[in-house]
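Containing PDB, C-alpha atoms: input21.pdb.
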```
ATOM      1  CA  MET A1101     -11.604   1.189  -3.253  1.00  0.00           C
ATOM      2  CA  MET A1102     -15.110   1.581  -1.883  1.00  0.00           C
ATOM      3  CA  THR A1103     -16.624  -0.551  -4.638  1.00  0.00           C
ATOM      4  CA  VAL A1104     -14.199  -3.369  -3.857  1.00  0.00           C
ATOM      5  CA  LYS A1105     -14.816  -3.059  -0.134  1.00  0.00           C
ATOM      6  CA  TYR A1106     -18.608  -2.987  -0.192  1.00  0.00           C
ATOM      7  CA  GLU A1107     -19.310  -5.324  -3.114  1.00  0.00           C
ATOM      8  CA  THR A1108     -16.840  -8.010  -2.058  1.00  0.00           C
ATOM      9  CA  GLY A1109     -16.464  -7.402   1.664  1.00  0.00           C
ATOM     10  CA  CYS A1110     -12.707  -7.277   1.177  1.00  0.00           C
ATOM     11  CA  GLY A1111     -10.857  -4.761   3.318  1.00  0.00           C
ATOM     12  CA  LYS A1112      -7.385  -5.552   2.002  1.00  0.00           C
ATOM     13  CA  ILE A1113      -5.953  -4.420  -1.327  1.00  0.00           C
ATOM     14  CA  ALA A1114      -2.549  -4.942  -2.972  1.00  0.00           C
ATOM     15  CA  LEU A1115      -1.505  -2.640  -5.800  1.00  0.00           C
ATOM     16  CA  ASN A1116       1.575  -2.413  -7.968  1.00  0.00           C
ATOM     17  CA  LYS A1117       3.481   0.821  -7.392  1.00  0.00           C
ATOM     18  CA  GLU A1118       3.076   1.469 -11.117  1.00  0.00           C
ATOM     19  CA  ALA A1119      -0.631   2.089 -10.448  1.00  0.00           C
ATOM     20  CA  PHE A1120       0.363   5.359  -8.757  1.00  0.00           C
ATOM     21  CA  VAL A1121       1.422   8.509 -10.557  1.00  0.00           C
ATOM     22  CA  PRO A1122       5.131   9.305 -10.023  1.00  0.00           C
ATOM     23  CA  GLU A1123       4.159  12.400  -8.022  1.00  0.00           C
ATOM     24  CA  PHE A1124       2.648  10.103  -5.394  1.00  0.00           C
ATOM     25  CA  PHE A1125       6.197   9.339  -4.237  1.00  0.00           C
ATOM     26  CA  ILE A1126       7.130  13.025  -3.920  1.00  0.00           C
ATOM     27  CA  LEU A1127       5.802  13.654  -0.428  1.00  0.00           C
ATOM     28  CA  SER A1128       5.881  17.438  -0.765  1.00  0.00           C
ATOM     29  CA  ARG A1129       3.093  17.120  -3.367  1.00  0.00           C
ATOM     30  CA  GLN A1130       0.859  15.685  -0.591  1.00  0.00           C
ATOM     31  CA  ILE A1131      -0.794  13.189  -2.945  1.00  0.00           C
ATOM     32  CA  ALA A1132       0.307  10.197  -0.883  1.00  0.00           C
ATOM     33  CA  GLY A1133      -1.152  11.682   2.286  1.00  0.00           C
ATOM     34  CA  GLU A1134      -4.481  12.421   0.676  1.00  0.00           C
ATOM     35  CA  VAL A1135      -4.800   8.989  -0.934  1.00  0.00           C
ATOM     36  CA  LEU A1136      -3.588   6.967   2.033  1.00  0.00           C
ATOM     37  CA  GLU A1137      -5.827   8.904   4.406  1.00  0.00           C
ATOM     38  CA  LYS A1138      -8.822   7.480   2.513  1.00  0.00           C
ATOM     39  CA  PHE A1139      -7.620   3.925   3.047  1.00  0.00           C
ATOM     40  CA  ILE A1140      -7.233   4.545   6.770  1.00  0.00           C
ATOM     41  CA  THR A1141     -10.571   6.366   7.048  1.00  0.00           C
ATOM     42  CA  TYR A1142     -12.384   3.483   5.379  1.00  0.00           C
ATOM     43  CA  ARG A1143     -10.413   0.862   7.335  1.00  0.00           C
ATOM     44  CA  THR A1144      -8.888  -0.735   4.283  1.00  0.00           C
ATOM     45  CA  TRP A1145      -5.410  -2.246   4.388  1.00  0.00           C
ATOM     46  CA  LEU A1146      -3.155  -1.392   1.459  1.00  0.00           C
ATOM     47  CA  ALA A1147       0.015  -3.063   0.239  1.00  0.00           C
ATOM     48  CA  ILE A1148       1.992  -1.176  -2.390  1.00  0.00           C
ATOM     49  CA  CYS A1149       4.262  -3.598  -4.235  1.00  0.00           C
ATOM     50  CA  GLY A1150       7.428  -2.805  -6.113  1.00  0.00           C
ATOM     51  CA  ASP A1151      11.093  -1.911  -6.009  1.00  0.00           C
ATOM     52  CA  PHE A1152      11.491   1.214  -3.918  1.00  0.00           C
ATOM     53  CA  SER A1153      15.296   1.133  -3.809  1.00  0.00           C
ATOM     54  CA  ARG A1154      15.604   3.736  -6.565  1.00  0.00           C
ATOM     55  CA  TYR A1155      14.000   6.388  -4.389  1.00  0.00           C
ATOM     56  CA  THR A1156      16.677   8.346  -2.554  1.00  0.00           C
ATOM     57  CA  SER A1157      14.488  10.878  -0.758  1.00  0.00           C
ATOM     58  CA  GLY A1158      15.121  10.751   2.982  1.00  0.00           C
ATOM     59  CA  PRO A1159      11.554  11.704   3.888  1.00  0.00           C
ATOM     60  CA  LEU A1160      10.129   9.054   1.538  1.00  0.00           C
ATOM     61  CA  ARG A1161      12.425   6.365   2.930  1.00  0.00           C
ATOM     62  CA  ASP A1162      11.356   7.374   6.461  1.00  0.00           C
ATOM     63  CA  PHE A1163       7.702   7.301   5.386  1.00  0.00           C
ATOM     64  CA  ILE A1164       8.085   3.794   3.949  1.00  0.00           C
ATOM     65  CA  TYR A1165       9.897   2.636   7.098  1.00  0.00           C
ATOM     66  CA  GLU A1166       7.221   4.038   9.426  1.00  0.00           C
ATOM     67  CA  SER A1167       4.385   2.708   7.262  1.00  0.00           C
ATOM     68  CA  ASN A1168       5.893  -0.762   7.348  1.00  0.00           C
ATOM     69  CA  ARG A1169       5.904  -0.682  11.146  1.00  0.00           C
ATOM     70  CA  GLY A1170       2.107  -0.383  11.131  1.00  0.00           C
ATOM     71  CA  LYS A1171      -0.627  -2.679   9.890  1.00  0.00           C
ATOM     72  CA  ASP A1172      -2.805  -0.508   7.656  1.00  0.00           C
ATOM     73  CA  ILE A1173      -0.501   0.612   4.847  1.00  0.00           C
ATOM     74  CA  PHE A1174       2.796  -0.881   3.892  1.00  0.00           C
ATOM     75  CA  PHE A1175       5.283  -1.141   1.077  1.00  0.00           C
ATOM     76  CA  ALA A1176       6.326  -4.619  -0.067  1.00  0.00           C
ATOM     77  CA  GLU A1177       9.161  -5.692  -2.329  1.00  0.00           C
ATOM     78  CA  GLY A1178       7.026  -8.352  -3.984  1.00  0.00           C
ATOM     79  CA  TRP A1179       3.592  -9.877  -4.167  1.00  0.00           C
ATOM     80  CA  GLU A1180       4.324 -12.767  -1.825  1.00  0.00           C
ATOM     81  CA  GLN A1181       5.477 -10.373   0.892  1.00  0.00           C
ATOM     82  CA  ALA A1182       2.376  -8.240   0.346  1.00  0.00           C
ATOM     83  CA  PHE A1183       0.040 -11.225   0.535  1.00  0.00           C
ATOM     84  CA  GLN A1184       1.699 -12.454   3.714  1.00  0.00           C
ATOM     85  CA  ARG A1185       1.210  -9.055   5.333  1.00  0.00           C
ATOM     86  CA  LEU A1186      -2.413  -8.989   4.209  1.00  0.00           C
ATOM     87  CA  GLY A1187      -3.016 -12.443   5.633  1.00  0.00           C
ATOM     88  CA  ALA A1188      -2.339 -16.071   4.768  1.00  0.00           C
ATOM     89  CA  GLU A1189      -5.828 -16.555   3.340  1.00  0.00           C
ATOM     90  CA  GLN A1190      -5.192 -13.979   0.646  1.00  0.00           C
ATOM     91  CA  ALA A1191      -1.697 -15.321  -0.083  1.00  0.00           C
ATOM     92  CA  GLU A1192      -3.107 -18.764  -0.825  1.00  0.00           C
ATOM     93  CA  GLN A1193      -5.918 -17.338  -2.930  1.00  0.00           C
ATOM     94  CA  PHE A1194      -3.622 -15.269  -5.146  1.00  0.00           C
ATOM     95  CA  ALA A1195      -0.952 -17.942  -5.371  1.00  0.00           C
ATOM     96  CA  GLY A1196      -3.576 -20.250  -6.820  1.00  0.00           C
ATOM     97  CA  LYS A1197      -3.400 -22.784  -3.992  1.00  0.00           C
TER      98      LYS A1197
END
```
What would you get if you wrote out this structure as structure tokens?
Amino acid sequence: MMTVKYETGCGKIALNKEAFVPEFFILSRQIAGEVLEKFITYRTWLAICGDFSRYTSGPLRDFIYESNRGKDIFFAEGWEQAFQRLGAEQAEQFAGK
């Protein structure tokens, strides 16, 4: 994250949910909190893209809901939604326009 931020000046990153270990989505393991805290500390927006409907954990669903109400970290169903949340400039760049 820091290499991307300081070498490119980009403060917005979109990642596929598959880039995270499955334990990331088990909130009691505290991995999500530790990782996402770094993004907030270093003022980097993060979009996590994927299908989250298979997760039935109440706390995880609440976490996703609350994250999506903010602007720093959010969960998107697809890339286009993620790019729109990150900003129109990025959406056009990644869409090849």
Query raised in the report: Out of A:Leu1186, A:Ile1173, A:Leu1160, A:Ile1140, which residue has the shortest atom-to-atom distance to Leu1127 (chain A) when counting all atoms listed in the file?
Result: A:Leu1160
Report task. Apply the PyMOL selection byres ((chain A and resi 1113) around 6) to the displayed file and report the matching residues as a PyMOL selection string. Result -> chain A and resi 1112+1114+1146
Query raised in the report: Could you state the separation of CA of Glu1180 (chain A) and CA of Cys1110 (chain A) in Å, given to one decimal place?
Result: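 Going from CA of Glu1180 (chain A) over to CA of Cys1110 (chain A) covers 18.1 Å.
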At a cut-off of 10 Å around the point (6.9, -1.4, -3.5) (file coordinates), what residues fall inside when counting only C-alpha atoms? I'd like the answer as an mmCIF file with C-alpha atoms, keeping the file's coordinate frame.
```cif
data_model
loop_
_atom_site.group_PDB
_atom_site.id
_atom_site.type_symbol
_atom_site.label_atom_id
_atom_site.label_comp_id
_atom_site.auth_asym_id
_atom_site.auth_seq_id
_atom_site.Cartn_x
_atom_site.Cartn_y
_atom_site.Cartn_z
ATOM 1 C CA LEU A 1115 -1.505 -2.640 -5.800
ATOM 2 C CA ASN A 1116 1.575 -2.413 -7.968
ATOM 3 C CA LYS A 1117 3.481 0.821 -7.392
ATOM 4 C CA GLU A 1118 3.076 1.469 -11.117
ATOM 5 C CA ALA A 1147 0.015 -3.063 0.239
ATOM 6 C CA ILE A 1148 1.992 -1.176 -2.390
ATOM 7 C CA CYS A 1149 4.262 -3.598 -4.235
ATOM 8 C CA GLY A 1150 7.428 -2.805 -6.113
ATOM 9 C CA ASP A 1151 11.093 -1.911 -6.009
ATOM 10 C CA PHE A 1152 11.491 1.214 -3.918
ATOM 11 C CA SER A 1153 15.296 1.133 -3.809
ATOM 12 C CA ILE A 1164 8.085 3.794 3.949
ATOM 13 C CA PHE A 1174 2.796 -0.881 3.892
ATOM 14 C CA PHE A 1175 5.283 -1.141 1.077
ATOM 15 C CA ALA A 1176 6.326 -4.619 -0.067
ATOM 16 C CA GLU A 1177 9.161 -5.692 -2.329
ATOM 17 C CA GLY A 1178 7.026 -8.352 -3.984
ATOM 18 C CA TRP A 1179 3.592 -9.877 -4.167
ATOM 19 C CA ALA A 1182 2.376 -8.240 0.346
#
```
Query raised in the report: If you count all atoms listed in the file, which residues fall within 9 Å of Met1101 (chain A), apart from same-chain ones fewer than 6 positions away, as a ChimeraX atom specification?
Result: /A:1111,1113,1138-1139,1142,1144
**Report entry** Nearest residue to Pro1159 (chain A) from the set A:Ser1128, A:Phe1120, A:Thr1141, A:Lys1105 (distances using only C-alpha atoms)
**Finding:**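 Between A:Ser1128, A:Phe1120, A:Thr1141, A:Lys1105, the residue approaching Pro1159 (chain A) most closely is A:Ser1128.
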Could you give me the centre and size, in Å to one decimal, of an axis-aligned box around all listed atoms of region 1139-1143 of chain A with 8 Å added on every side, as lines of an AutoDock Vina configuration file?
```
center_x = -9.8
center_y = 3.6
center_z = 5.2
size_x = 21.2
size_y = 21.5
size_z = 20.3
```
Query raised in the report: Hey, can you check how far CA of Gly1187 (chain A) sits from CA of Arg1161 (chain A)?
Result: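 Calculated distance between CA of Gly1187 (chain A) and CA of Arg1161 (chain A) is 24.5 Å.
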Query raised in the report: When distances are computed from all atoms listed in the file, which of A:Val1104, A:Leu1136, A:Arg1185, A:Arg1143 shows the smallest separation from Phe1124 (chain A)?
Result: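 With all atoms listed in the file as the atom set, the closest residue is A:Leu1136.
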Query - Two-atom distance - CA of Gly1158 (chain A), CA of Val1135 (chain A) (Å) - result: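 Between CA of Gly1158 (chain A) and CA of Val1135 (chain A) the gap works out to 20.4 Å.
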Query raised in the report: Nearest to Ser1157 (chain A): which of A:Thr1108, A:Phe1125, A:Ala1119, A:Asp1172 is it, counting all atoms listed in the file?
Result: A:Phe1125
Can you pull region 1101-1134 of chain A out of that block with N, CA and C atoms and hand it back as a CSV table (one decimal), in the first residue's frame?
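Generated file (decode20.csv):
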```
chain,number,residue,atom,x,y,z
A,1101,MET,N,0.8,-1.2,0.0
A,1101,MET,CA,0.0,0.0,0.0
A,1101,MET,C,0.9,1.2,0.0
A,1102,MET,N,1.9,1.3,0.8
A,1102,MET,CA,2.7,2.5,0.9
A,1102,MET,C,3.5,2.7,-0.3
A,1103,THR,N,4.0,1.7,-1.0
A,1103,THR,CA,4.7,1.8,-2.2
A,1103,THR,C,3.8,2.4,-3.3
A,1104,VAL,N,2.6,1.9,-3.4
A,1104,VAL,CA,1.6,2.5,-4.4
A,1104,VAL,C,1.4,4.0,-4.1
A,1105,LYS,N,1.1,4.3,-2.8
A,1105,LYS,CA,0.8,5.6,-2.4
A,1105,LYS,C,1.9,6.6,-2.7
A,1106,TYR,N,3.1,6.3,-2.3
A,1106,TYR,CA,4.2,7.2,-2.4
A,1106,TYR,C,4.9,7.2,-3.8
A,1107,GLU,N,4.9,6.1,-4.5
A,1107,GLU,CA,5.5,6.1,-5.8
A,1107,GLU,C,4.6,6.7,-6.9
A,1108,THR,N,3.3,6.5,-6.7
A,1108,THR,CA,2.4,7.0,-7.7
A,1108,THR,C,1.5,8.2,-7.3
A,1109,GLY,N,1.5,8.4,-6.0
A,1109,GLY,CA,0.7,9.5,-5.5
A,1109,GLY,C,-0.8,9.2,-5.4
A,1110,CYS,N,-1.1,7.9,-5.6
A,1110,CYS,CA,-2.5,7.4,-5.6
A,1110,CYS,C,-2.9,7.1,-4.2
A,1111,GLY,N,-4.0,7.6,-3.7
A,1111,GLY,CA,-4.5,7.3,-2.4
A,1111,GLY,C,-5.7,6.5,-2.4
A,1112,LYS,N,-6.0,5.8,-3.5
A,1112,LYS,CA,-7.2,5.0,-3.6
A,1112,LYS,C,-6.9,3.7,-4.3
A,1113,ILE,N,-7.3,2.6,-3.6
A,1113,ILE,CA,-7.0,1.3,-4.1
A,1113,ILE,C,-8.2,0.4,-4.1
A,1114,ALA,N,-8.4,-0.4,-5.2
A,1114,ALA,CA,-9.5,-1.3,-5.3
A,1114,ALA,C,-8.9,-2.7,-5.4
A,1115,LEU,N,-9.3,-3.6,-4.5
A,1115,LEU,CA,-8.8,-5.0,-4.5
A,1115,LEU,C,-10.0,-6.0,-4.6
A,1116,ASN,N,-9.7,-7.1,-5.2
A,1116,ASN,CA,-10.7,-8.2,-5.3
A,1116,ASN,C,-10.7,-8.8,-3.9
A,1117,LYS,N,-11.9,-9.2,-3.4
A,1117,LYS,CA,-12.0,-9.9,-2.1
A,1117,LYS,C,-11.1,-11.1,-2.0
A,1118,GLU,N,-10.8,-11.7,-3.2
A,1118,GLU,CA,-10.0,-12.9,-3.2
A,1118,GLU,C,-8.6,-12.6,-2.8
A,1119,ALA,N,-8.2,-11.4,-2.8
A,1119,ALA,CA,-6.8,-11.0,-2.4
A,1119,ALA,C,-6.6,-11.1,-0.8
A,1120,PHE,N,-7.7,-11.3,-0.1
A,1120,PHE,CA,-7.7,-11.4,1.3
A,1120,PHE,C,-7.9,-12.8,1.8
A,1121,VAL,N,-7.2,-13.2,2.8
A,1121,VAL,CA,-7.3,-14.6,3.3
A,1121,VAL,C,-8.7,-14.7,3.9
A,1122,PRO,N,-9.3,-15.9,3.8
A,1122,PRO,CA,-10.7,-16.1,4.3
A,1122,PRO,C,-10.9,-15.6,5.8
A,1123,GLU,N,-9.9,-15.7,6.6
A,1123,GLU,CA,-10.0,-15.3,8.0
A,1123,GLU,C,-10.2,-13.8,8.1
A,1124,PHE,N,-9.9,-13.0,7.1
A,1124,PHE,CA,-10.1,-11.6,7.1
A,1124,PHE,C,-11.6,-11.3,7.4
A,1125,PHE,N,-12.5,-12.1,6.8
A,1125,PHE,CA,-13.9,-11.9,6.9
A,1125,PHE,C,-14.5,-12.6,8.2
A,1126,ILE,N,-13.7,-13.1,9.1
A,1126,ILE,CA,-14.1,-13.6,10.4
A,1126,ILE,C,-13.7,-12.5,11.4
A,1127,LEU,N,-14.6,-11.6,11.7
A,1127,LEU,CA,-14.2,-10.4,12.5
A,1127,LEU,C,-13.6,-10.8,13.8
A,1128,SER,N,-13.9,-11.9,14.4
A,1128,SER,CA,-13.4,-12.2,15.7
A,1128,SER,C,-11.8,-12.5,15.7
A,1129,ARG,N,-11.3,-12.8,14.5
A,1129,ARG,CA,-9.9,-13.0,14.3
A,1129,ARG,C,-9.1,-11.6,14.3
A,1130,GLN,N,-9.8,-10.5,14.1
A,1130,GLN,CA,-9.3,-9.2,14.2
A,1130,GLN,C,-8.3,-8.8,13.1
A,1131,ILE,N,-8.3,-9.6,12.1
A,1131,ILE,CA,-7.4,-9.3,10.9
A,1131,ILE,C,-7.9,-8.1,10.2
A,1132,ALA,N,-9.2,-8.1,9.9
A,1132,ALA,CA,-9.8,-7.0,9.2
A,1132,ALA,C,-9.5,-5.7,9.9
A,1133,GLY,N,-9.7,-5.6,11.2
A,1133,GLY,CA,-9.4,-4.4,11.9
A,1133,GLY,C,-8.0,-3.9,11.8
A,1134,GLU,N,-7.1,-4.8,11.9
A,1134,GLU,CA,-5.6,-4.5,11.8
A,1134,GLU,C,-5.3,-4.0,10.4
```
